[in-house]
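Asks: File run-v3.txt follows (compact mmCIF, C-alpha atoms and all ligand atoms):
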```
# COMPACT_ATOMS: atom_id res chain seq x y z
CA MET A 12 -120.23 19.94 -36.37
CA LYS A 13 -119.41 17.45 -33.61
CA ALA A 14 -115.78 16.32 -33.50
CA ALA A 15 -115.24 12.84 -34.91
CA VAL A 16 -114.33 10.22 -32.32
CA THR A 17 -111.94 7.51 -33.48
CA LEU A 18 -112.12 3.95 -32.18
CA ASP A 19 -108.86 4.26 -30.27
CA ARG A 20 -109.94 7.50 -28.61
CA TYR A 21 -113.25 5.91 -27.66
CA LEU A 22 -111.54 2.83 -26.21
CA ALA A 23 -109.25 5.02 -24.13
CA SER A 24 -112.12 7.07 -22.72
CA GLU A 25 -114.14 3.90 -22.05
CA GLU A 26 -111.22 2.54 -20.06
CA ARG A 27 -110.86 5.76 -18.10
CA LEU A 28 -114.57 6.27 -17.34
CA ASN A 29 -115.18 2.68 -16.29
CA GLU A 30 -111.81 2.18 -14.63
CA LEU A 31 -111.20 -0.85 -16.84
CA SER A 32 -107.90 -2.62 -16.77
CA THR A 33 -105.60 -1.47 -19.55
CA SER A 34 -103.83 -4.77 -19.94
CA GLY A 35 -104.07 -5.23 -23.67
CA LEU A 36 -107.77 -5.63 -24.46
CA SER A 37 -108.02 -2.27 -26.21
CA GLU A 38 -104.94 -3.15 -28.22
CA LEU A 39 -106.61 -6.38 -29.32
CA ILE A 40 -109.81 -4.62 -30.34
CA LEU A 41 -107.78 -2.10 -32.33
CA GLN A 42 -105.85 -4.90 -33.97
CA MET A 43 -109.13 -6.53 -35.00
CA ALA A 44 -110.23 -3.21 -36.47
CA PHE A 45 -106.98 -3.09 -38.44
CA ALA A 46 -107.60 -6.62 -39.77
CA ALA A 47 -111.11 -5.51 -40.74
CA LYS A 48 -109.72 -2.67 -42.84
CA ILE A 49 -107.54 -5.12 -44.78
CA VAL A 50 -110.45 -7.51 -45.30
CA ALA A 51 -112.74 -4.63 -46.35
CA ARG A 52 -110.19 -3.48 -48.92
CA GLU A 53 -109.90 -6.97 -50.41
CA ILE A 54 -113.68 -7.45 -50.53
CA ARG A 55 -114.06 -4.16 -52.38
CA ARG A 56 -111.63 -5.15 -55.11
CA ALA A 57 -112.16 -8.95 -55.04
CA ALA A 58 -113.78 -9.10 -58.48
CA LEU A 59 -110.81 -7.24 -59.98
CA VAL A 60 -108.01 -9.26 -58.41
CA GLY A 61 -109.35 -12.80 -58.82
CA LYS A 62 -110.53 -13.26 -55.25
CA LEU A 63 -114.10 -14.41 -55.98
CA GLY A 64 -115.19 -18.03 -56.15
CA LEU A 65 -114.39 -21.29 -54.44
CA VAL A 66 -111.07 -22.73 -53.39
CA GLY A 67 -112.27 -26.29 -53.87
CA GLU A 68 -111.90 -27.32 -50.21
CA ARG A 69 -114.35 -27.62 -47.32
CA ASN A 70 -113.94 -26.10 -43.86
CA PRO A 71 -114.11 -28.21 -40.65
CA THR A 72 -117.92 -28.04 -40.56
CA GLY A 73 -118.32 -28.96 -44.20
CA ASP A 74 -118.93 -25.54 -45.83
CA ALA A 75 -117.33 -25.00 -49.25
CA GLN A 76 -114.48 -22.53 -48.72
CA LYS A 77 -114.34 -19.33 -50.74
CA LYS A 78 -111.08 -17.60 -51.61
CA LEU A 79 -112.16 -14.70 -49.44
CA ASP A 80 -112.79 -17.09 -46.51
CA LEU A 81 -109.15 -18.13 -46.61
CA PHE A 82 -107.88 -14.61 -47.18
CA ALA A 83 -109.82 -13.27 -44.19
CA ASN A 84 -108.64 -16.19 -42.06
CA GLU A 85 -105.00 -15.46 -42.91
CA VAL A 86 -105.43 -11.77 -42.19
CA VAL A 87 -106.89 -12.48 -38.76
CA ILE A 88 -104.16 -14.97 -37.89
CA ASP A 89 -101.41 -12.64 -39.11
CA ALA A 90 -102.89 -9.75 -37.15
CA PHE A 91 -102.63 -11.60 -33.85
CA GLY A 92 -99.86 -14.13 -34.41
CA GLU A 93 -97.08 -11.79 -33.32
CA SER A 94 -99.01 -9.64 -30.88
CA GLY A 95 -97.72 -11.49 -27.82
CA LEU A 96 -101.19 -11.02 -26.32
CA VAL A 97 -103.02 -14.04 -27.77
CA ALA A 98 -102.11 -17.60 -26.86
CA ALA A 99 -104.36 -19.36 -29.39
CA ILE A 100 -106.92 -18.73 -32.10
CA ALA A 101 -110.07 -20.74 -32.81
CA SER A 102 -111.46 -20.06 -36.26
CA GLU A 103 -114.25 -21.42 -38.43
CA GLU A 104 -111.63 -22.11 -41.09
CA LEU A 105 -109.27 -24.12 -38.86
CA GLU A 106 -109.90 -27.71 -37.87
CA GLU A 107 -107.83 -27.36 -34.70
CA LEU A 108 -106.97 -24.52 -32.39
CA ARG A 109 -103.98 -22.55 -33.73
CA THR A 110 -101.61 -22.09 -30.82
CA ILE A 111 -99.19 -19.20 -31.11
CA ASP A 112 -95.52 -20.11 -30.67
CA CYS A 113 -94.60 -17.16 -28.50
CA GLY A 114 -98.00 -17.13 -26.78
CA GLY A 115 -97.45 -19.34 -23.73
CA ASP A 116 -97.64 -16.40 -21.34
CA ALA A 117 -100.25 -14.48 -23.31
CA SER A 118 -103.39 -13.56 -21.39
CA TYR A 119 -106.04 -13.89 -24.11
CA LEU A 120 -107.67 -16.30 -26.54
CA LEU A 121 -109.32 -15.25 -29.79
CA CYS A 122 -112.33 -16.98 -31.35
CA ALA A 123 -113.38 -15.77 -34.79
CA ASP A 124 -115.43 -16.40 -37.86
CA PRO A 125 -113.23 -14.41 -40.25
CA LEU A 126 -115.84 -14.23 -43.03
CA ASP A 127 -119.44 -14.86 -42.11
CA GLY A 128 -122.05 -15.22 -44.87
CA SER A 129 -119.54 -16.13 -47.52
CA SER A 130 -122.26 -17.32 -49.94
CA ASN A 131 -122.74 -13.58 -50.51
CA THR A 132 -119.20 -12.84 -51.69
CA ASP A 133 -119.77 -13.63 -55.37
CA VAL A 134 -122.93 -11.52 -55.63
CA ASN A 135 -121.55 -8.39 -53.96
CA GLY A 136 -123.77 -8.95 -50.92
CA ALA A 137 -123.10 -8.07 -47.28
CA VAL A 138 -120.67 -10.26 -45.30
CA GLY A 139 -119.17 -10.03 -41.84
CA THR A 140 -116.43 -10.94 -39.38
CA ILE A 141 -117.32 -12.15 -35.89
CA PHE A 142 -114.80 -12.07 -33.03
CA SER A 143 -114.46 -12.60 -29.31
CA PHE A 144 -111.62 -12.32 -26.80
CA TYR A 145 -111.41 -14.50 -23.73
CA GLY A 146 -109.29 -13.93 -20.65
CA ARG A 147 -107.25 -16.98 -19.73
CA SER A 148 -107.45 -18.75 -16.43
CA ARG A 149 -103.88 -20.10 -16.67
CA THR A 150 -100.79 -19.86 -18.84
CA GLY A 151 -99.12 -22.29 -21.24
CA THR A 152 -100.46 -23.45 -24.56
CA CYS A 153 -101.32 -27.08 -23.87
CA ALA A 154 -104.82 -27.12 -22.43
CA VAL A 155 -106.29 -24.18 -24.30
CA GLU A 156 -109.27 -26.03 -25.74
CA ASP A 157 -110.06 -27.23 -22.26
CA GLU A 158 -109.98 -23.62 -21.04
CA LEU A 159 -112.45 -22.56 -23.73
CA ARG A 160 -114.73 -25.40 -22.76
CA HIS A 161 -114.64 -24.63 -19.05
CA ASP A 162 -113.26 -21.50 -17.49
CA ALA A 163 -111.96 -18.91 -19.97
CA GLU A 164 -113.85 -15.66 -19.42
CA LEU A 165 -115.51 -13.84 -22.31
CA LEU A 166 -114.25 -10.26 -22.03
CA ALA A 167 -115.09 -8.62 -25.33
CA ALA A 168 -116.84 -9.48 -28.56
CA GLY A 169 -118.10 -7.87 -31.70
CA TYR A 170 -118.57 -8.01 -35.41
CA VAL A 171 -117.63 -6.21 -38.58
CA LEU A 172 -120.28 -5.68 -41.24
CA TYR A 173 -118.95 -5.21 -44.77
CA GLY A 174 -121.93 -3.63 -46.53
CA PRO A 175 -122.37 -0.36 -48.41
CA SER A 176 -120.17 0.92 -45.60
CA THR A 177 -117.93 -1.05 -43.24
CA MET A 178 -119.06 -1.05 -39.63
CA PHE A 179 -117.25 -2.23 -36.52
CA VAL A 180 -119.45 -3.02 -33.52
CA TYR A 181 -117.97 -4.21 -30.24
CA SER A 182 -118.72 -4.58 -26.58
CA ARG A 183 -116.54 -5.26 -23.61
CA GLY A 184 -119.41 -5.43 -21.20
CA GLN A 185 -120.13 -1.69 -21.01
CA GLY A 186 -122.83 -1.52 -23.71
CA ALA A 187 -122.39 -1.94 -27.45
CA ASN A 188 -121.01 0.73 -29.75
CA GLY A 189 -120.75 1.01 -33.52
CA PHE A 190 -118.11 2.71 -35.69
CA THR A 191 -118.19 3.38 -39.41
CA LEU A 192 -115.06 3.22 -41.52
CA ASP A 193 -114.19 6.53 -43.11
CA HIS A 194 -112.17 5.23 -46.05
CA ASP A 195 -110.61 8.62 -46.80
CA VAL A 196 -109.33 9.08 -43.27
CA GLY A 197 -108.65 5.35 -42.81
CA GLU A 198 -110.27 5.29 -39.37
CA PHE A 199 -113.34 3.79 -37.75
CA LEU A 200 -115.34 6.74 -36.41
CA LEU A 201 -118.05 6.56 -33.76
CA SER A 202 -121.43 6.50 -35.51
CA HIS A 203 -123.71 4.40 -33.26
CA GLU A 204 -123.04 5.04 -29.58
CA ALA A 205 -124.76 2.88 -26.95
CA ILE A 206 -126.83 0.77 -29.36
CA ARG A 207 -130.22 -0.18 -27.89
CA CYS A 208 -132.17 -3.00 -29.46
CA PRO A 209 -135.94 -2.34 -29.56
CA ALA A 210 -137.89 -4.72 -27.30
CA ARG A 211 -139.70 -6.38 -30.21
CA GLY A 212 -140.28 -6.57 -33.99
CA PRO A 213 -140.95 -5.62 -36.72
CA TYR A 214 -138.61 -7.96 -38.66
CA TYR A 215 -137.76 -11.64 -38.69
CA SER A 216 -134.87 -13.32 -40.48
CA ALA A 217 -134.78 -17.05 -41.17
CA ASN A 218 -134.26 -19.35 -44.13
CA LEU A 219 -137.92 -20.14 -44.81
CA GLY A 220 -136.82 -22.54 -47.53
CA ARG A 221 -136.06 -24.88 -44.63
CA TYR A 222 -139.49 -24.43 -43.00
CA HIS A 223 -140.66 -27.99 -43.75
CA GLY A 224 -137.58 -29.41 -42.05
CA TRP A 225 -138.10 -27.42 -38.82
CA PRO A 226 -139.62 -28.85 -35.63
CA ALA A 227 -143.38 -28.23 -35.44
CA ASN A 228 -143.07 -25.72 -32.56
CA VAL A 229 -140.61 -23.60 -34.57
CA GLN A 230 -143.00 -23.71 -37.53
CA ARG A 231 -145.78 -22.51 -35.21
CA PHE A 232 -143.58 -19.61 -34.06
CA ALA A 233 -142.90 -18.54 -37.66
CA ASP A 234 -146.62 -18.85 -38.43
CA HIS A 235 -147.38 -16.73 -35.37
CA LEU A 236 -145.06 -13.95 -36.57
CA ILE A 237 -146.95 -13.57 -39.81
CA GLU A 238 -150.45 -13.68 -38.34
CA ARG A 239 -152.31 -10.39 -38.42
CA ASP A 240 -152.58 -8.70 -35.04
CA THR A 241 -152.26 -4.94 -35.04
CA ALA A 242 -151.92 -4.73 -31.24
CA SER A 243 -148.67 -6.76 -31.26
CA GLY A 244 -147.38 -5.29 -34.50
CA ARG A 245 -147.85 -8.44 -36.57
CA PRO A 246 -147.36 -9.55 -39.25
CA TYR A 247 -143.57 -9.15 -39.02
CA SER A 248 -141.72 -8.45 -42.25
CA LEU A 249 -139.24 -10.98 -43.57
CA ARG A 250 -135.63 -9.90 -44.14
CA TYR A 251 -132.98 -12.56 -44.84
CA THR A 252 -129.67 -11.62 -46.40
CA GLY A 253 -127.83 -14.95 -46.02
CA ALA A 254 -125.31 -13.28 -43.70
CA LEU A 255 -125.99 -13.61 -39.99
CA VAL A 256 -124.06 -10.45 -39.15
CA ALA A 257 -126.13 -8.33 -41.54
CA ASP A 258 -129.43 -9.75 -40.30
CA LEU A 259 -128.48 -9.40 -36.65
CA HIS A 260 -127.34 -5.84 -37.25
CA ARG A 261 -130.76 -4.96 -38.61
CA SER A 262 -132.46 -6.56 -35.61
CA LEU A 263 -130.19 -4.69 -33.18
CA LEU A 264 -130.88 -1.32 -34.75
CA GLU A 265 -134.50 -1.70 -35.80
CA GLY A 266 -135.86 -4.65 -33.82
CA GLY A 267 -136.75 -8.24 -34.62
CA ILE A 268 -135.36 -11.73 -34.46
CA TYR A 269 -132.84 -13.80 -36.39
CA LEU A 270 -133.50 -17.51 -36.25
CA TYR A 271 -131.51 -20.58 -37.32
CA PRO A 272 -133.25 -23.51 -35.66
CA ALA A 273 -132.43 -27.18 -35.93
CA ASP A 274 -133.70 -28.69 -39.16
CA GLU A 275 -133.50 -31.99 -41.01
CA ALA A 276 -130.12 -31.13 -42.50
CA HIS A 277 -128.76 -29.67 -39.23
CA PRO A 278 -130.25 -31.62 -36.29
CA ASN A 279 -128.15 -29.58 -33.81
CA GLY A 280 -128.47 -26.30 -35.67
CA LYS A 281 -125.96 -24.95 -38.18
CA LEU A 282 -124.31 -22.07 -36.37
CA ARG A 283 -121.21 -22.52 -34.29
CA LEU A 284 -121.54 -21.74 -30.59
CA LEU A 285 -117.98 -20.63 -29.94
CA TYR A 286 -117.23 -18.19 -32.71
CA GLU A 287 -120.67 -17.24 -34.11
CA CYS A 288 -123.44 -17.51 -31.52
CA THR A 289 -121.60 -16.58 -28.31
CA PRO A 290 -119.95 -13.35 -29.55
CA LEU A 291 -123.18 -12.14 -31.14
CA ALA A 292 -125.16 -13.10 -28.02
CA PHE A 293 -122.75 -11.01 -25.94
CA VAL A 294 -123.21 -7.95 -28.16
CA ALA A 295 -126.99 -8.44 -28.37
CA GLU A 296 -127.36 -8.69 -24.59
CA GLN A 297 -125.18 -5.63 -24.10
CA ALA A 298 -127.61 -3.79 -26.40
CA GLY A 299 -130.60 -4.97 -24.33
CA GLY A 300 -131.47 -7.91 -26.60
CA ARG A 301 -131.41 -11.64 -25.97
CA ALA A 302 -129.96 -14.79 -27.51
CA SER A 303 -131.08 -18.35 -26.95
CA SER A 304 -130.82 -21.88 -28.21
CA GLY A 305 -134.56 -22.14 -27.53
CA ARG A 306 -133.88 -23.93 -24.26
CA ARG A 307 -131.05 -21.94 -22.70
CA ARG A 308 -129.48 -18.52 -22.86
CA ILE A 309 -126.56 -18.81 -25.27
CA LEU A 310 -124.20 -17.18 -22.77
CA GLU A 311 -124.87 -20.01 -20.30
CA LEU A 312 -123.63 -22.63 -22.76
CA ARG A 313 -120.07 -23.89 -23.10
CA PRO A 314 -118.89 -25.60 -26.30
CA GLN A 315 -118.23 -29.31 -26.04
CA SER A 316 -115.87 -29.02 -29.00
CA LEU A 317 -114.45 -26.21 -31.12
CA HIS A 318 -117.03 -26.46 -33.88
CA HIS A 319 -120.02 -27.36 -31.68
CA THR A 320 -123.27 -26.12 -33.28
CA VAL A 321 -126.52 -25.04 -31.62
CA PRO A 322 -129.96 -23.84 -32.71
CA PHE A 323 -129.82 -20.05 -32.48
CA ALA A 324 -132.25 -17.19 -31.99
CA VAL A 325 -131.02 -13.65 -31.38
CA GLY A 326 -132.43 -10.14 -31.40
CA SER A 327 -135.16 -8.26 -29.58
CA ARG A 328 -135.65 -9.47 -26.02
CA GLU A 329 -139.42 -10.03 -26.17
CA ASP A 330 -139.25 -11.79 -29.52
CA VAL A 331 -136.55 -14.19 -28.33
CA GLU A 332 -138.46 -14.83 -25.08
CA LEU A 333 -141.56 -15.64 -27.10
CA TYR A 334 -139.51 -17.98 -29.28
CA GLU A 335 -138.34 -19.77 -26.12
CA LYS A 336 -141.97 -20.23 -25.04
CA PHE A 337 -142.87 -21.74 -28.41
CA ALA A 338 -139.74 -23.91 -28.34
CA ALA A 339 -140.70 -25.26 -24.89
CA SER A 340 -144.32 -25.91 -25.81
CA ARG A 341 -145.53 -29.35 -26.74
CA GLY A 342 -147.93 -28.03 -29.37
CA PRO A 343 -151.68 -28.13 -29.80
P1 LIG B 401 -122.50 -18.93 -44.46
O1 LIG B 401 -122.72 -20.41 -44.34
O2 LIG B 401 -122.68 -18.42 -45.88
O3 LIG B 401 -121.22 -18.45 -43.83
O4 LIG B 401 -122.45 -18.51 -40.71
C1 LIG B 401 -123.25 -19.32 -41.43
C2 LIG B 401 -124.20 -18.60 -42.38
O5 LIG B 401 -123.67 -18.23 -43.62
C3 LIG B 401 -124.88 -17.35 -41.79
O6 LIG B 401 -124.15 -16.19 -41.97
C4 LIG B 401 -126.19 -17.33 -42.55
O7 LIG B 401 -127.22 -16.62 -41.88
C5 LIG B 401 -126.49 -18.79 -42.71
O8 LIG B 401 -125.26 -19.51 -42.57
C6 LIG B 401 -127.02 -19.11 -44.07
O9 LIG B 401 -127.35 -20.46 -44.12
P2 LIG B 401 -128.49 -20.99 -45.14
O10 LIG B 401 -127.87 -20.91 -46.51
O11 LIG B 401 -128.77 -22.38 -44.72
O12 LIG B 401 -129.67 -20.08 -45.00
```
Please re-express this file's structure in C-alpha cells.
Replies:
Amino acid sequence: MKAAVTLDRYLASEERLNELSTSGLSELILQMAFAAKIVAREIRRAALVGKLGLVGERNPTGDAQKKLDLFANEVVIDAFGESGLVAAIASEELEELRTIDCGGDASYLLCADPLDGSSNTDVNGAVGTIFSFYGRSRTGTCAVEDELRHDAELLAAGYVLYGPSTMFVYSRGQGANGFTLDHDVGEFLLSHEAIRCPARGPYYSANLGRYHGWPANVQRFADHLIERDTASGRPYSLRYTGALVADLHRSLLEGGIYLYPADEAHPNGKLRLLYECTPLAFVAEQAGGRASSGRRRILELRPQSLHHTVPFAVGSREDVELYEKFAASRGP
C-alpha cells in the first residue's frame, strides 16, 4: 500500500520542488483546511444541533442567509483573524471588507464564499467553501478594496466540497490537487494528484428552469448541447446539484461545463466575481480547463466592487470556448 500523503507534507514538498517562497502561503492553506474540518463537522451534525434553516436575514447580494452560512462565515473569520498573515477578508456574508486589527503589515488578503450552495443544507445535499489568497502590493489596511480592484495578485485558490466525503482542492499555480478528509485520522490525505479536466463533455450543469429568461444565444448553446451528434459526443447529460462547487468538481474530474448566464432576474449574472468565479477559474485553468464570462476570460477581469457579479461558464476548455463562440454570435 502506498504511504498516505497529508496536505501539510504535500505543501512542503511542493514548495521544495518548485522553489516556492515559504512566506506563509502554505500556512494559510493549512489554516483553510482546518476551518473546513470545523465546517464539515457542523454540517454533519447540523440536523441534530439546530443548525438547519434560515436566520431571517439576507446577505449583501440579497440571498436568504442560512444558519450554516453564518456559522461557516464565523469559522473562516476566526481562523484567519489572529493569524497575522491576512490584512482583510472579503466574504459573501459581509457587506464590507473585514479588516483585521493587527493586520496592517500582513502580506495577504482572503476572499471567500464560506458556504456555497446553501439551498442544499436543509436537504442533506452537497455544499462547498470557495477561497482565494491574494498577495498585497502595499501595507496598511486603508486601501484594501482598491488593491483587490487593481493590483493584488492572486496566489492561491481552491474549494472544499462537503459531500459524501469532504474534499479539499487547491492550486497555487503549480497544477490542482485534491485531498480527501480521513475523519478517523483527522487529516486531508492526497487522493487526486494533478487533476486534469477532460477537453470536453459529457455533462452540462445549468438551471434550465431559467432557460426562458436567458439571452437567445445562450439558449442556442444549451440547445446545441442536447442535439444528437455522435461524433462530438452529444447529447450532453444534464447534472445540476444547486451547488456550484459540486457541479464544477464533476466537470473537472469527468468533463463538461457549468453555466450561470445572465437572465431576466440577474441581468449581470448571479455569481460573484471576486469570491466565487475567480477562485474557481484559477483552479479550473490550473487543471487545463477554462472559465469565461462569455466575452472575457474570468482571470482577466477585476471586480468593480466587492460583490460584483458576472455571467459565468467554467469547465472543459473546448466546451467553454464553444460557449464563448455562441455568446459572441448574433444568431441566425
Ligand atoms: P446558492 O445561492 O445556494 O449559494 O453561489 C450561488 C449558488 O448557490 C451556486 O452554488 C448555485 O450553482 C447557484 O447559486 C444556484 O442558483 P439557482 O437556484 O438560481 O439555480
Asks: Provide the atom CA of A:Ala167 to atom CA of A:Arg147 distance in Å, to one decimal place.
Replies: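 About the pair atom CA of A:Ala167 and atom CA of A:Arg147: they are 12.8 Å apart.
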Asks: From (-131.6, -6.1, -28.0), in the file's coordinates, out to 6 Å: which residues are reached, counting all atoms listed in the file? Answer as a PyMOL selection string.
Replies: chain A and resi 208-209+263+295+298-301+326-328
Asks: Please list as a list of chain:residue names every residue within 10 Å of A:Glu158, counting all atoms listed in the file and excluding residues in the same chain fewer than 3 positions away.
Replies: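 Listing them by chain and then by number gives A:Leu120, A:Tyr145, A:Gly146, A:Arg147, A:Ser148, A:Arg149, A:Cys153, A:Ala154, A:Val155, A:His161, A:Asp162, A:Ala163, A:Glu164.
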Asks: Produce a table with one row for each residue of stretch 178-283 of chain A that has an atom at most 7 Å from any atom of stretch 16-28 of chain A, each row naming the nearest atom pair and its distance in Å at one decimal; use only C-alpha atoms; arrange rows by chain and rising residue number; format as a Markdown table.
Replies:
```
| residue | atom | partner | partner_atom | distance |
| --- | --- | --- | --- | --- |
| A:Glu198 | CA | A:Thr17 | CA | 6.5 |
| A:Phe199 | CA | A:Leu18 | CA | 5.7 |
| A:Leu200 | CA | A:Thr17 | CA | 4.6 |
| A:Leu201 | CA | A:Val16 | CA | 5.4 |
```
Asks: Counting all atoms listed in the file, name the residues that have an atom within 6 Å of an atom of ligand LIG 401 (chain B); the answer should be given as a short mmCIF file (atom, residue, chain, number, x, y, z; two decimals) with C-alpha atoms, in the frame of the given file.
Replies:
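What follows is the written file result.cif:
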```cif
data_model
loop_
_atom_site.label_atom_id
_atom_site.label_comp_id
_atom_site.auth_asym_id
_atom_site.auth_seq_id
_atom_site.Cartn_x
_atom_site.Cartn_y
_atom_site.Cartn_z
CA ASP A 127 -119.44 -14.86 -42.11
CA GLY A 128 -122.05 -15.22 -44.87
CA SER A 129 -119.54 -16.13 -47.52
CA SER A 130 -122.26 -17.32 -49.94
CA ASN A 218 -134.26 -19.35 -44.13
CA GLY A 253 -127.83 -14.95 -46.02
CA ALA A 254 -125.31 -13.28 -43.70
CA LEU A 255 -125.99 -13.61 -39.99
CA LEU A 282 -124.31 -22.07 -36.37
#
```
Asks: Could you check which of A:Ser94, A:Ser176, A:Ser182, A:Ser303 is closest to A:Phe144, using all atoms listed in the file?
Replies: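 Once distances to A:Phe144 are computed over all atoms listed in the file, the minimum belongs to A:Ser182.
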Asks: For each of A:Lys336, A:His203, A:Arg160, A:Lys281, take the minimum atom-to-atom distance to A:Leu312, counting all atoms listed in the file, then give the residue where this is smallest.
Replies: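 Smallest distance to A:Leu312 is found for A:Arg160.
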Asks: Between A:Tyr334, A:His223, A:Arg55, A:Tyr286, single out the one closest to A:Ile100, counting all atoms listed in the file.
Replies: A:Tyr286
Asks: For a test of reading the model, state the distance in Å between atom CA of A:Arg250 and atom CA of A:Thr177, rounded to one decimal.
Replies: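 Pair atom CA of A:Arg250 / atom CA of A:Thr177 returns 19.8 Å.
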Asks: Would you kindly place all heavy atoms on stretch 170-177 of chain A and return the model as a PDB file, keeping the file's coordinate frame?
Replies:
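As a result, result_20.pdb now contains:
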```pdb
ATOM      1  N   TYR A 170    -118.501  -7.578 -34.013  1.00  0.00           N
ATOM      2  CA  TYR A 170    -118.570  -8.010 -35.410  1.00  0.00           C
ATOM      3  C   TYR A 170    -118.222  -6.841 -36.317  1.00  0.00           C
ATOM      4  O   TYR A 170    -118.276  -5.671 -35.916  1.00  0.00           O
ATOM      5  CB  TYR A 170    -119.955  -8.565 -35.753  1.00  0.00           C
ATOM      6  CG  TYR A 170    -121.117  -7.610 -35.576  1.00  0.00           C
ATOM      7  CD1 TYR A 170    -121.461  -6.699 -36.573  1.00  0.00           C
ATOM      8  CD2 TYR A 170    -121.881  -7.623 -34.423  1.00  0.00           C
ATOM      9  CE1 TYR A 170    -122.539  -5.837 -36.422  1.00  0.00           C
ATOM     10  CE2 TYR A 170    -122.956  -6.771 -34.254  1.00  0.00           C
ATOM     11  CZ  TYR A 170    -123.285  -5.886 -35.253  1.00  0.00           C
ATOM     12  OH  TYR A 170    -124.350  -5.027 -35.092  1.00  0.00           O
ATOM     13  N   VAL A 171    -117.845  -7.209 -37.538  1.00  0.00           N
ATOM     14  CA  VAL A 171    -117.630  -6.210 -38.580  1.00  0.00           C
ATOM     15  C   VAL A 171    -118.653  -6.513 -39.658  1.00  0.00           C
ATOM     16  O   VAL A 171    -118.841  -7.682 -40.016  1.00  0.00           O
ATOM     17  CB  VAL A 171    -116.211  -6.309 -39.180  1.00  0.00           C
ATOM     18  CG1 VAL A 171    -115.963  -5.151 -40.136  1.00  0.00           C
ATOM     19  CG2 VAL A 171    -115.166  -6.363 -38.088  1.00  0.00           C
ATOM     20  N   LEU A 172    -119.324  -5.505 -40.149  1.00  0.00           N
ATOM     21  CA  LEU A 172    -120.280  -5.680 -41.240  1.00  0.00           C
ATOM     22  C   LEU A 172    -119.716  -4.975 -42.469  1.00  0.00           C
ATOM     23  O   LEU A 172    -119.507  -3.759 -42.450  1.00  0.00           O
ATOM     24  CB  LEU A 172    -121.636  -5.080 -40.828  1.00  0.00           C
ATOM     25  CG  LEU A 172    -122.713  -5.000 -41.907  1.00  0.00           C
ATOM     26  CD1 LEU A 172    -123.016  -6.362 -42.511  1.00  0.00           C
ATOM     27  CD2 LEU A 172    -124.002  -4.402 -41.325  1.00  0.00           C
ATOM     28  N   TYR A 173    -119.447  -5.781 -43.513  1.00  0.00           N
ATOM     29  CA  TYR A 173    -118.950  -5.210 -44.770  1.00  0.00           C
ATOM     30  C   TYR A 173    -120.159  -5.061 -45.688  1.00  0.00           C
ATOM     31  O   TYR A 173    -120.599  -6.031 -46.330  1.00  0.00           O
ATOM     32  CB  TYR A 173    -117.907  -6.128 -45.407  1.00  0.00           C
ATOM     33  CG  TYR A 173    -116.804  -6.561 -44.460  1.00  0.00           C
ATOM     34  CD1 TYR A 173    -116.871  -7.793 -43.805  1.00  0.00           C
ATOM     35  CD2 TYR A 173    -115.702  -5.745 -44.223  1.00  0.00           C
ATOM     36  CE1 TYR A 173    -115.871  -8.193 -42.932  1.00  0.00           C
ATOM     37  CE2 TYR A 173    -114.694  -6.135 -43.343  1.00  0.00           C
ATOM     38  CZ  TYR A 173    -114.796  -7.364 -42.703  1.00  0.00           C
ATOM     39  OH  TYR A 173    -113.807  -7.769 -41.837  1.00  0.00           O
ATOM     40  N   GLY A 174    -120.755  -3.898 -45.695  1.00  0.00           N
ATOM     41  CA  GLY A 174    -121.930  -3.630 -46.530  1.00  0.00           C
ATOM     42  C   GLY A 174    -121.627  -2.415 -47.374  1.00  0.00           C
ATOM     43  O   GLY A 174    -120.466  -2.166 -47.724  1.00  0.00           O
ATOM     44  N   PRO A 175    -122.639  -1.605 -47.683  1.00  0.00           N
ATOM     45  CA  PRO A 175    -122.370  -0.360 -48.410  1.00  0.00           C
ATOM     46  C   PRO A 175    -121.309   0.470 -47.677  1.00  0.00           C
ATOM     47  O   PRO A 175    -120.505   1.147 -48.288  1.00  0.00           O
ATOM     48  CB  PRO A 175    -123.727   0.330 -48.427  1.00  0.00           C
ATOM     49  CG  PRO A 175    -124.712  -0.793 -48.353  1.00  0.00           C
ATOM     50  CD  PRO A 175    -124.070  -1.840 -47.481  1.00  0.00           C
ATOM     51  N   SER A 176    -121.321   0.399 -46.338  1.00  0.00           N
ATOM     52  CA  SER A 176    -120.170   0.920 -45.600  1.00  0.00           C
ATOM     53  C   SER A 176    -119.679  -0.202 -44.681  1.00  0.00           C
ATOM     54  O   SER A 176    -120.385  -1.195 -44.481  1.00  0.00           O
ATOM     55  CB  SER A 176    -120.547   2.167 -44.776  1.00  0.00           C
ATOM     56  OG  SER A 176    -121.484   1.812 -43.805  1.00  0.00           O
ATOM     57  N   THR A 177    -118.469  -0.033 -44.150  1.00  0.00           N
ATOM     58  CA  THR A 177    -117.930  -1.050 -43.240  1.00  0.00           C
ATOM     59  C   THR A 177    -118.146  -0.575 -41.814  1.00  0.00           C
ATOM     60  O   THR A 177    -117.740   0.542 -41.458  1.00  0.00           O
ATOM     61  CB  THR A 177    -116.430  -1.265 -43.515  1.00  0.00           C
ATOM     62  OG1 THR A 177    -116.285  -1.709 -44.861  1.00  0.00           O
ATOM     63  CG2 THR A 177    -115.839  -2.311 -42.584  1.00  0.00           C
TER      64      THR A 177
END
```
